[in-house]
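Trainee: Here you go, final27.pdb (PDB, C-alpha atoms):
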ATOM      1  CA  MET A 453     193.699   6.026 106.884  1.00  0.00           C
ATOM      2  CA  ILE A 454     193.001   3.934 103.766  1.00  0.00           C
ATOM      3  CA  LEU A 455     190.018   4.988 101.671  1.00  0.00           C
ATOM      4  CA  ALA A 456     188.380   2.553  99.278  1.00  0.00           C
ATOM      5  CA  THR A 457     185.509   2.696  96.837  1.00  0.00           C
ATOM      6  CA  PRO A 458     183.022  -0.172  96.594  1.00  0.00           C
ATOM      7  CA  ILE A 459     183.561  -2.211  93.449  1.00  0.00           C
ATOM      8  CA  GLY A 460     181.458  -0.912  90.593  1.00  0.00           C
ATOM      9  CA  PHE A 461     181.521   2.798  91.461  1.00  0.00           C
ATOM     10  CA  GLN A 462     184.942   3.619  90.047  1.00  0.00           C
ATOM     11  CA  SER A 463     185.777   4.323  86.404  1.00  0.00           C
ATOM     12  CA  LEU A 464     187.817   1.839  84.392  1.00  0.00           C
ATOM     13  CA  GLN A 465     190.928   3.601  83.142  1.00  0.00           C
ATOM     14  CA  GLY A 466     192.867   2.608  80.033  1.00  0.00           C
ATOM     15  CA  ARG A 467     195.454   4.358  77.931  1.00  0.00           C
ATOM     16  CA  ARG A 468     193.060   5.463  75.201  1.00  0.00           C
ATOM     17  CA  VAL A 469     189.646   4.874  76.759  1.00  0.00           C
ATOM     18  CA  ILE A 470     187.774   5.461  80.005  1.00  0.00           C
ATOM     19  CA  LEU A 471     184.654   3.584  81.041  1.00  0.00           C
ATOM     20  CA  GLU A 472     182.450   5.654  83.353  1.00  0.00           C
ATOM     21  CA  ARG A 473     179.559   4.121  85.239  1.00  0.00           C
ATOM     22  CA  LEU A 474     176.313   5.333  83.688  1.00  0.00           C
ATOM     23  CA  ALA A 475     175.076   8.432  85.529  1.00  0.00           C
ATOM     24  CA  PRO A 476     172.538  11.262  85.040  1.00  0.00           C
ATOM     25  CA  LYS A 477     175.238  13.399  83.380  1.00  0.00           C
ATOM     26  CA  HIS A 478     175.309  10.870  80.518  1.00  0.00           C
ATOM     27  CA  THR A 479     171.606  11.260  79.702  1.00  0.00           C
ATOM     28  CA  SER A 480     172.102  13.181  76.443  1.00  0.00           C
ATOM     29  CA  PHE A 481     174.438  10.558  75.005  1.00  0.00           C
ATOM     30  CA  LEU A 482     172.170   7.742  76.154  1.00  0.00           C
ATOM     31  CA  MET A 483     169.200   9.377  74.410  1.00  0.00           C
ATOM     32  CA  GLN A 484     171.320   9.665  71.271  1.00  0.00           C
ATOM     33  CA  CYS A 485     172.033   5.940  71.431  1.00  0.00           C
ATOM     34  CA  TYR A 486     168.398   5.057  72.107  1.00  0.00           C
ATOM     35  CA  SER A 487     167.293   7.048  69.060  1.00  0.00           C
ATOM     36  CA  ASP A 488     169.532   4.991  66.747  1.00  0.00           C
ATOM     37  CA  ASN A 489     167.554   1.781  66.169  1.00  0.00           C
ATOM     38  CA  GLU A 490     170.269   0.161  64.074  1.00  0.00           C
ATOM     39  CA  PHE A 491     172.800   0.568  66.898  1.00  0.00           C
ATOM     40  CA  MET A 492     170.410  -0.500  69.650  1.00  0.00           C
ATOM     41  CA  ASP A 493     169.212  -3.556  67.712  1.00  0.00           C
ATOM     42  CA  LEU A 494     172.786  -4.833  67.837  1.00  0.00           C
ATOM     43  CA  TYR A 495     173.665  -3.640  71.331  1.00  0.00           C
ATOM     44  CA  ARG A 496     170.512  -4.667  73.205  1.00  0.00           C
ATOM     45  CA  LEU A 497     167.439  -5.480  71.143  1.00  0.00           C
ATOM     46  CA  ALA A 498     165.086  -5.682  74.143  1.00  0.00           C
ATOM     47  CA  GLN A 499     166.105  -2.321  75.643  1.00  0.00           C
ATOM     48  CA  GLN A 500     163.193   0.044  76.314  1.00  0.00           C
ATOM     49  CA  ARG A 501     164.021   3.077  74.210  1.00  0.00           C
ATOM     50  CA  ASN A 502     160.931   5.293  74.286  1.00  0.00           C
ATOM     51  CA  GLN A 503     161.903   7.224  77.391  1.00  0.00           C
ATOM     52  CA  THR A 504     161.955  10.943  78.002  1.00  0.00           C
ATOM     53  CA  GLU A 505     165.029  12.777  79.206  1.00  0.00           C
ATOM     54  CA  GLU A 506     163.452  13.212  82.636  1.00  0.00           C
ATOM     55  CA  GLN A 507     162.603   9.508  82.921  1.00  0.00           C
ATOM     56  CA  ILE A 508     166.171   8.515  82.073  1.00  0.00           C
ATOM     57  CA  LYS A 509     167.650  10.996  84.558  1.00  0.00           C
ATOM     58  CA  LYS A 510     165.409   9.743  87.363  1.00  0.00           C
ATOM     59  CA  ARG A 511     166.281   6.113  86.639  1.00  0.00           C
ATOM     60  CA  LEU A 512     170.009   6.802  86.575  1.00  0.00           C
ATOM     61  CA  ALA A 513     169.838   8.861  89.777  1.00  0.00           C
ATOM     62  CA  LYS A 514     168.195   5.951  91.612  1.00  0.00           C
ATOM     63  CA  GLU A 515     170.815   3.532  90.308  1.00  0.00           C
ATOM     64  CA  GLN A 516     173.696   5.689  91.519  1.00  0.00           C
ATOM     65  CA  VAL A 517     173.369   4.523  95.130  1.00  0.00           C
ATOM     66  CA  LEU A 518     172.953   0.838  94.321  1.00  0.00           C
ATOM     67  CA  LEU A 519     175.670  -1.784  94.025  1.00  0.00           C
ATOM     68  CA  PRO A 520     175.887  -4.088  90.981  1.00  0.00           C
ATOM     69  CA  GLN A 521     174.646  -7.051  93.036  1.00  0.00           C
ATOM     70  CA  GLN A 522     171.603  -5.017  94.050  1.00  0.00           C
ATOM     71  CA  MET A 523     170.731  -4.019  90.475  1.00  0.00           C
ATOM     72  CA  GLY A 524     171.935  -7.211  88.836  1.00  0.00           C
ATOM     73  CA  LYS A 525     173.971  -5.180  86.344  1.00  0.00           C
ATOM     74  CA  ILE A 526     176.477  -2.429  85.780  1.00  0.00           C
ATOM     75  CA  GLU A 527     176.565  -0.254  82.675  1.00  0.00           C
ATOM     76  CA  TRP A 528     179.223   2.129  81.418  1.00  0.00           C
ATOM     77  CA  VAL A 529     179.680   4.869  78.841  1.00  0.00           C
ATOM     78  CA  ILE A 530     182.846   4.307  76.821  1.00  0.00           C
ATOM     79  CA  PHE A 531     184.923   7.462  76.319  1.00  0.00           C
ATOM     80  CA  ARG A 532     187.788   7.983  73.890  1.00  0.00           C
ATOM     81  CA  ARG A 533     190.635   9.980  75.398  1.00  0.00           C
ATOM     82  CA  ILE A 534     191.576  13.004  73.279  1.00  0.00           C
ATOM     83  CA  ASN A 535     195.156  14.308  73.122  1.00  0.00           C
ATOM     84  CA  ASN A 536     194.269  17.630  74.747  1.00  0.00           C
ATOM     85  CA  GLY A 537     192.924  15.878  77.843  1.00  0.00           C
ATOM     86  CA  GLU A 538     189.297  15.929  76.784  1.00  0.00           C
ATOM     87  CA  LYS A 539     187.180  12.835  76.237  1.00  0.00           C
ATOM     88  CA  HIS A 540     184.457  11.921  73.786  1.00  0.00           C
ATOM     89  CA  PRO A 541     181.671   9.319  74.320  1.00  0.00           C
ATOM     90  CA  ILE A 542     181.823   6.571  71.703  1.00  0.00           C
ATOM     91  CA  GLY A 543     179.741   3.675  73.021  1.00  0.00           C
ATOM     92  CA  LEU A 544     178.061   1.674  75.760  1.00  0.00           C
ATOM     93  CA  ALA A 545     179.088  -1.438  77.659  1.00  0.00           C
ATOM     94  CA  SER A 546     177.524  -3.557  80.361  1.00  0.00           C
ATOM     95  CA  LEU A 547     177.792  -6.581  82.587  1.00  0.00           C
ATOM     96  CA  ALA A 548     174.127  -7.557  82.781  1.00  0.00           C
ATOM     97  CA  ASP A 549     172.144 -10.328  84.434  1.00  0.00           C
ATOM     98  CA  TYR A 550     174.756 -10.382  87.200  1.00  0.00           C
ATOM     99  CA  LYS A 551     174.294 -13.422  89.464  1.00  0.00           C
ATOM    100  CA  GLU A 552     176.475 -12.974  92.524  1.00  0.00           C
ATOM    101  CA  GLY A 553     175.838 -16.467  93.869  1.00  0.00           C
ATOM    102  CA  HIS A 554     176.684 -18.093  90.545  1.00  0.00           C
ATOM    103  CA  GLN A 555     179.581 -15.678  89.832  1.00  0.00           C
ATOM    104  CA  ARG A 556     178.257 -15.077  86.341  1.00  0.00           C
ATOM    105  CA  ALA A 557     177.271 -12.103  84.174  1.00  0.00           C
ATOM    106  CA  GLU A 558     176.444 -11.261  80.573  1.00  0.00           C
ATOM    107  CA  PHE A 559     178.892  -9.158  78.553  1.00  0.00           C
ATOM    108  CA  LEU A 560     177.533  -6.484  76.202  1.00  0.00           C
ATOM    109  CA  MET A 561     179.381  -3.800  74.292  1.00  0.00           C
ATOM    110  CA  GLY A 562     178.354  -1.494  71.468  1.00  0.00           C
ATOM    111  CA  ILE A 563     180.513   1.127  69.763  1.00  0.00           C
ATOM    112  CA  PHE A 564     178.240   3.959  68.649  1.00  0.00           C
ATOM    113  CA  SER A 565     180.876   5.812  66.613  1.00  0.00           C
ATOM    114  CA  PRO A 566     181.496   3.800  63.394  1.00  0.00           C
ATOM    115  CA  GLU A 567     185.145   4.877  63.053  1.00  0.00           C
ATOM    116  CA  TYR A 568     186.053   3.019  66.264  1.00  0.00           C
ATOM    117  CA  ARG A 569     184.297  -0.263  65.538  1.00  0.00           C
ATOM    118  CA  GLY A 570     186.751  -3.130  65.247  1.00  0.00           C
ATOM    119  CA  SER A 571     189.625  -0.844  66.237  1.00  0.00           C
ATOM    120  CA  ARG A 572     192.217  -0.995  69.008  1.00  0.00           C
ATOM    121  CA  ILE A 573     189.967   1.411  70.901  1.00  0.00           C
ATOM    122  CA  SER A 574     187.133  -1.120  71.068  1.00  0.00           C
ATOM    123  CA  LEU A 575     189.624  -3.895  71.900  1.00  0.00           C
ATOM    124  CA  GLU A 576     191.027  -1.885  74.796  1.00  0.00           C
ATOM    125  CA  ALA A 577     187.519  -1.267  76.141  1.00  0.00           C
ATOM    126  CA  SER A 578     186.776  -5.001  75.962  1.00  0.00           C
ATOM    127  CA  LEU A 579     189.982  -5.822  77.850  1.00  0.00           C
ATOM    128  CA  LEU A 580     189.074  -3.365  80.611  1.00  0.00           C
ATOM    129  CA  ILE A 581     185.692  -5.052  81.021  1.00  0.00           C
ATOM    130  CA  MET A 582     187.289  -8.519  81.108  1.00  0.00           C
ATOM    131  CA  ASP A 583     189.756  -7.277  83.717  1.00  0.00           C
ATOM    132  CA  PHE A 584     186.895  -5.881  85.795  1.00  0.00           C
ATOM    133  CA  ALA A 585     184.782  -9.019  85.434  1.00  0.00           C
ATOM    134  CA  PHE A 586     187.393 -11.623  86.296  1.00  0.00           C
ATOM    135  CA  ASN A 587     189.857  -9.708  88.498  1.00  0.00           C
ATOM    136  CA  GLN A 588     187.668  -7.272  90.451  1.00  0.00           C
ATOM    137  CA  VAL A 589     184.214  -8.835  90.587  1.00  0.00           C
ATOM    138  CA  LYS A 590     185.916 -12.256  90.432  1.00  0.00           C
ATOM    139  CA  LEU A 591     183.395 -13.896  88.148  1.00  0.00           C
ATOM    140  CA  ASN A 592     183.745 -17.539  87.237  1.00  0.00           C
ATOM    141  CA  LYS A 593     182.051 -17.093  83.878  1.00  0.00           C
ATOM    142  CA  VAL A 594     181.125 -14.395  81.418  1.00  0.00           C
ATOM    143  CA  ILE A 595     178.486 -15.148  78.798  1.00  0.00           C
ATOM    144  CA  ALA A 596     177.576 -13.276  75.627  1.00  0.00           C
ATOM    145  CA  TYR A 597     174.719 -13.594  73.161  1.00  0.00           C
ATOM    146  CA  THR A 598     174.866 -12.736  69.479  1.00  0.00           C
ATOM    147  CA  TYR A 599     172.119 -12.655  66.889  1.00  0.00           C
ATOM    148  CA  GLY A 600     172.279 -15.149  64.055  1.00  0.00           C
ATOM    149  CA  TYR A 601     172.689 -12.430  61.410  1.00  0.00           C
ATOM    150  CA  ASN A 602     175.586 -10.722  63.246  1.00  0.00           C
ATOM    151  CA  GLN A 603     178.502 -12.908  62.203  1.00  0.00           C
ATOM    152  CA  TYR A 604     180.953 -10.065  62.819  1.00  0.00           C
ATOM    153  CA  ALA A 605     180.131 -10.004  66.540  1.00  0.00           C
ATOM    154  CA  GLN A 606     180.297 -13.791  66.701  1.00  0.00           C
ATOM    155  CA  GLN A 607     183.790 -13.787  65.171  1.00  0.00           C
ATOM    156  CA  ASN A 608     184.939 -11.105  67.618  1.00  0.00           C
ATOM    157  CA  LEU A 609     183.794 -13.163  70.595  1.00  0.00           C
ATOM    158  CA  THR A 610     185.546 -16.253  69.262  1.00  0.00           C
ATOM    159  CA  SER A 611     188.770 -14.264  68.864  1.00  0.00           C
ATOM    160  CA  PHE A 612     188.423 -13.261  72.533  1.00  0.00           C
ATOM    161  CA  GLY A 613     188.358 -16.896  73.625  1.00  0.00           C
ATOM    162  CA  PHE A 614     184.585 -17.311  73.977  1.00  0.00           C
ATOM    163  CA  GLY A 615     183.302 -20.734  73.051  1.00  0.00           C
ATOM    164  CA  GLN A 616     179.950 -21.243  71.360  1.00  0.00           C
ATOM    165  CA  GLU A 617     177.809 -23.255  73.773  1.00  0.00           C
ATOM    166  CA  GLY A 618     174.576 -23.473  71.835  1.00  0.00           C
ATOM    167  CA  ILE A 619     172.093 -21.991  69.399  1.00  0.00           C
ATOM    168  CA  LEU A 620     168.527 -21.028  70.250  1.00  0.00           C
ATOM    169  CA  ARG A 621     166.797 -21.323  66.909  1.00  0.00           C
ATOM    170  CA  GLN A 622     164.276 -18.612  65.939  1.00  0.00           C
ATOM    171  CA  HIS A 623     164.379 -17.490  69.562  1.00  0.00           C
ATOM    172  CA  ILE A 624     163.691 -13.766  69.156  1.00  0.00           C
ATOM    173  CA  TYR A 625     161.206 -11.911  67.000  1.00  0.00           C
ATOM    174  CA  SER A 626     162.163  -8.531  65.549  1.00  0.00           C
ATOM    175  CA  LYS A 627     161.483  -6.495  62.428  1.00  0.00           C
ATOM    176  CA  LYS A 628     163.837  -8.923  60.697  1.00  0.00           C
ATOM    177  CA  GLY A 629     161.468 -11.764  61.603  1.00  0.00           C
ATOM    178  CA  PHE A 630     162.405 -14.688  63.851  1.00  0.00           C
ATOM    179  CA  ILE A 631     166.142 -14.774  64.488  1.00  0.00           C
ATOM    180  CA  ASP A 632     168.552 -17.269  66.009  1.00  0.00           C
ATOM    181  CA  LEU A 633     170.465 -16.520  69.209  1.00  0.00           C
ATOM    182  CA  TYR A 634     173.990 -17.837  69.724  1.00  0.00           C
ATOM    183  CA  ILE A 635     175.119 -18.534  73.296  1.00  0.00           C
ATOM    184  CA  ASN A 636     178.821 -18.004  74.050  1.00  0.00           C
ATOM    185  CA  GLY A 637     180.781 -18.447  77.261  1.00  0.00           C
ATOM    186  CA  LEU A 638     184.225 -17.729  78.695  1.00  0.00           C
ATOM    187  CA  LEU A 639     185.366 -19.388  81.944  1.00  0.00           C
ATOM    188  CA  VAL A 640     187.921 -17.763  84.213  1.00  0.00           C
ATOM    189  CA  GLU A 641     190.235 -20.789  83.854  1.00  0.00           C
ATOM    190  CA  ASP A 642     190.268 -20.324  80.079  1.00  0.00           C
ATOM    191  CA  PHE A 643     190.705 -16.562  80.463  1.00  0.00           C
ATOM    192  CA  ARG A 644     193.825 -17.117  82.599  1.00  0.00           C
ATOM    193  CA  LYS A 645     195.358 -19.364  79.913  1.00  0.00           C
ATOM    194  CA  ASN A 646     194.521 -17.135  76.941  1.00  0.00           C
ATOM    195  CA  GLN A 647     197.884 -16.062  75.519  1.00  0.00           C
ATOM    196  CA  ARG A 648     196.271 -13.858  72.885  1.00  0.00           C
ATOM    197  CA  LEU A 649     194.479 -11.757  75.500  1.00  0.00           C
ATOM    198  CA  SER A 650     197.656 -11.681  77.555  1.00  0.00           C
ATOM    199  CA  ASN A 651     199.638 -10.262  74.635  1.00  0.00           C
ATOM    200  CA  PHE A 652     196.950  -7.755  73.661  1.00  0.00           C
ATOM    201  CA  SER A 653     196.501  -6.448  77.212  1.00  0.00           C
ATOM    202  CA  GLN A 654     200.239  -5.978  77.742  1.00  0.00           C
ATOM    203  CA  ARG A 655     200.482  -4.107  74.459  1.00  0.00           C
ATOM    204  CA  LEU A 656     197.386  -1.921  74.886  1.00  0.00           C
ATOM    205  CA  LEU A 657     197.078  -1.522  78.664  1.00  0.00           C
ATOM    206  CA  GLY A 658     200.612  -2.123  79.878  1.00  0.00           C
ATOM    207  CA  ILE A 659     199.451  -4.922  82.182  1.00  0.00           C
ATOM    208  CA  ASP A 660     198.577  -8.585  81.784  1.00  0.00           C
ATOM    209  CA  VAL A 661     194.898  -8.824  82.696  1.00  0.00           C
ATOM    210  CA  THR A 662     194.970 -12.619  82.515  1.00  0.00           C
ATOM    211  CA  ASN A 663     197.189 -12.815  85.602  1.00  0.00           C
ATOM    212  CA  LYS A 664     195.408 -13.697  88.816  1.00  0.00           C
ATOM    213  CA  PRO A 665     195.370 -10.635  91.121  1.00  0.00           C
ATOM    214  CA  ASN A 666     196.387 -10.642  94.748  1.00  0.00           C
ATOM    215  CA  SER A 667     193.508 -11.526  97.060  1.00  0.00           C
ATOM    216  CA  GLN A 668     191.663  -8.513  98.424  1.00  0.00           C
ATOM    217  CA  GLN A 669     189.682  -8.257 101.613  1.00  0.00           C
ATOM    218  CA  LYS A 670     185.954  -8.061 100.976  1.00  0.00           C
ATOM    219  CA  LEU A 671     184.341  -4.825 102.091  1.00  0.00           C
ATOM    220  CA  SER A 672     182.053  -5.223 105.068  1.00  0.00           C
ATOM    221  CA  ASP A 673     178.313  -4.675 104.666  1.00  0.00           C
ATOM    222  CA  GLN A 674     178.527  -1.859 107.199  1.00  0.00           C
ATOM    223  CA  TYR A 675     181.221  -0.093 105.189  1.00  0.00           C
ATOM    224  CA  VAL A 676     179.312  -0.494 101.925  1.00  0.00           C
ATOM    225  CA  ALA A 677     176.143   0.862 103.526  1.00  0.00           C
ATOM    226  CA  SER A 678     178.011   3.901 104.839  1.00  0.00           C
ATOM    227  CA  LYS A 679     179.532   4.589 101.409  1.00  0.00           C
ATOM    228  CA  GLN A 680     176.115   4.323  99.767  1.00  0.00           C
ATOM    229  CA  ALA A 681     174.729   6.852 102.242  1.00  0.00           C
ATOM    230  CA  ASP A 682     177.605   9.253 101.521  1.00  0.00           C
ATOM    231  CA  ILE A 683     177.118   8.954  97.768  1.00  0.00           C
ATOM    232  CA  PHE A 684     173.355   9.468  98.063  1.00  0.00           C
ATOM    233  CA  LYS A 685     173.913  12.649 100.104  1.00  0.00           C
ATOM    234  CA  LEU A 686     176.387  13.904  97.501  1.00  0.00           C
ATOM    235  CA  ILE A 687     173.945  13.255  94.645  1.00  0.00           C
ATOM    236  CA  MET A 688     171.083  15.003  96.456  1.00  0.00           C
ATOM    237  CA  SER A 689     173.258  18.001  97.319  1.00  0.00           C
ATOM    238  CA  ASN A 690     174.220  18.469  93.641  1.00  0.00           C
ATOM    239  CA  ARG A 691     170.662  18.448  92.316  1.00  0.00           C
TER
END
Can the structure from this file be put into structure tokens for me?

Mentor:
Amino acid sequence: MILATPIGFQSLQGRRVILERLAPKHTSFLMQCYSDNEFMDLYRLAQQRNQTEEQIKKRLAKEQVLLPQQMGKIEWVIFRRINNGEKHPIGLASLADYKEGHQRAEFLMGIFSPEYRGSRISLEASLLIMDFAFNQVKLNKVIAYTYGYNQYAQQNLTSFGFGQEGILRQHIYSKKGFIDLYINGLLVEDFRKNQRLSNFSQRLLGIDVTNKPNSQQKLSDQYVASKQADIFKLIMSNR
């Protein structure tokens, strides 16, 4: 018998990092991130942050039995693998505003631990998300927004093959005042031809994520529903 997990429930495994789908067990780290305004302003400015531990746990418990297309998003905690087999949370990542019909989602990633920002660790995490987006979810396009004052993030996206598609001038108001919003996009056809990402992924992950994967049979609605029921029972039994 072949057992499969609906796309979005499994962790993304790299050599140095693991991306785990956000769950109630990650509440403490999420609260730590929410309390750091400087980090959250760069990761997701509009995120509601004034939540209690209980509110966050309840929200994450409800999300555990939903598929990405039902929530319109999937969010992960980024873990750094430690040599002794342990792991340490270092950031957050997400595919948000997921539109199944349009095969499109928004890419977000924030490294909470300063020592890993701009490192091979953050690059590996980005490659895992790109692999998931284009090869598992089979998106046609990934978009990403950056704030006008965050040139570092804009340069990183450009190095990943994203093209700047527009600027929304003075589009968002924050404590910095009115700020511009850059719109960036990466199409699957450009992702497949990106030699830089191909080289990086082979070096860091041991695989070429730009290669088109073998076609996989789509899970039936009945199967997905049964898996959701099993997961919900497991969550309730562990409370």

Trainee: Restricting the calculation to only C-alpha atoms: of A:Gly618, A:Gly600, A:Gly613, A:Gly537, which residue gets closest to Phe630 of chain A?

Mentor: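 Looking at the shortest contact to Phe630 of chain A, the residue is A:Gly600.
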
Trainee: Which distance in Å separates atom CA of Gln507 of chain A and atom CA of Thr479 of chain A, to one decimal?

Mentor: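 One can read the atom CA of Gln507 of chain A to atom CA of Thr479 of chain A distance as 9.7 Å.
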
Trainee: Going by the chain IDs and residue numbers used in this file, which residues fall under the PyMOL selection byres ((chain A and resi 581) around 9)? Write them as a list of chain:residue names.

Mentor: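 After applying the PyMOL selection byres ((chain A and resi 581) around 9), what remains is A:Leu464, A:Leu471, A:Ala545, A:Ser546, A:Leu547, A:Phe559, A:Glu576, A:Ala577, A:Ser578, A:Leu579, A:Leu580, A:Met582, A:Asp583, A:Phe584, A:Ala585, A:Phe586.
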
Trainee: To one decimal place in Å, what is the distance between atom CA of Asn489 of chain A and atom CA of Ala548 of chain A?

Mentor: 20.2 Å

Trainee: In terms of the shortest atom-to-atom distance over all atoms listed in the file, which of A:Ile534, A:Arg467, A:Asn587, A:Gln622 is closest to Gln654 of chain A?

Mentor: A:Arg467

Trainee: Tell me which of A:Gly543, A:Asn535, A:Leu519, A:Ala498 sits closest to Gln484 of chain A, counting only C-alpha atoms.

Mentor: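 Smallest distance to Gln484 of chain A is found for A:Gly543.
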
Trainee: May I have the residues within 12 Å of Asp632 of chain A as a PyMOL selection string, using all atoms listed in the file and disregarding those fewer than 2 positions away in the same chain?

Mentor: chain A and resi 597-603+618-626+628-630+634-635

Trainee: Which centre and which edge lengths, in Å to one decimal, describe the axis-aligned box that holds all listed atoms of segment 563-576 of chain A after 6 Å is added on each side, as lines of an AutoDock Vina configuration file?

Mentor:
center_x = 185.2
center_y = 1.0
center_z = 68.9
size_x = 26.0
size_y = 21.7
size_z = 23.7

Trainee: Considering all atoms listed in the file, state which residue in the set A:Asn646, A:Val640, A:Leu474, A:Glu505 is at the smallest distance from Ser487 of chain A.

Mentor: A:Glu505

Trainee: Expressed in Å to a single decimal, how great is the separation between atom CA of Glu641 of chain A and atom CA of Asn592 of chain A?

Mentor: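 Taking atom CA of Glu641 of chain A and atom CA of Asn592 of chain A, their separation equals 8.0 Å.
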
Trainee: Nearest to Arg533 of chain A among A:Ser480, A:Gln555, A:Gln465, A:Thr504, with distances taken over all atoms listed in the file: which residue is it?

Mentor: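 Nearest candidate to Arg533 of chain A out of A:Ser480, A:Gln555, A:Gln465, A:Thr504: A:Gln465.
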
Trainee: Would you translate the PyMOL selection byres ((chain A and resi 567-572) around 10) into the concrete set of residues it matches in this file, as a PyMOL selection string?

Mentor: chain A and resi 468+532+542-543+562-566+573-578+604-605+608+652+656

Trainee: Which residue out of A:Asn636, A:Asn663, A:Glu515, A:Val589 has the minimum interatomic distance to Ser650 of chain A when all atoms listed in the file are used?

Mentor: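 Result for the nearest residue to Ser650 of chain A: A:Asn663.
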
Trainee: Tell me, as a ChimeraX atom specification, which residues lie within 6 Å of Leu544 of chain A, counting only C-alpha atoms; anything in the same chain fewer than 2 positions away does not count.

Mentor: /A:528-530,561-562

Trainee: Around (173.7, 2.2, 90.1) in the file's own coordinates, what residues are found within 9 Å if you use all atoms listed in the file, given back as number ranges by chain?

Mentor: A: 460-461, 473-475, 512-520, 522-523, 525-527

Trainee: Excluding Gly615 of chain A and its own-chain neighbours fewer than 3 positions away, which residues fall within 7 Å of it when counting all atoms listed in the file? Please give them as JSON, numbers by chain.

Mentor: {"A": [610, 636, 637, 638]}
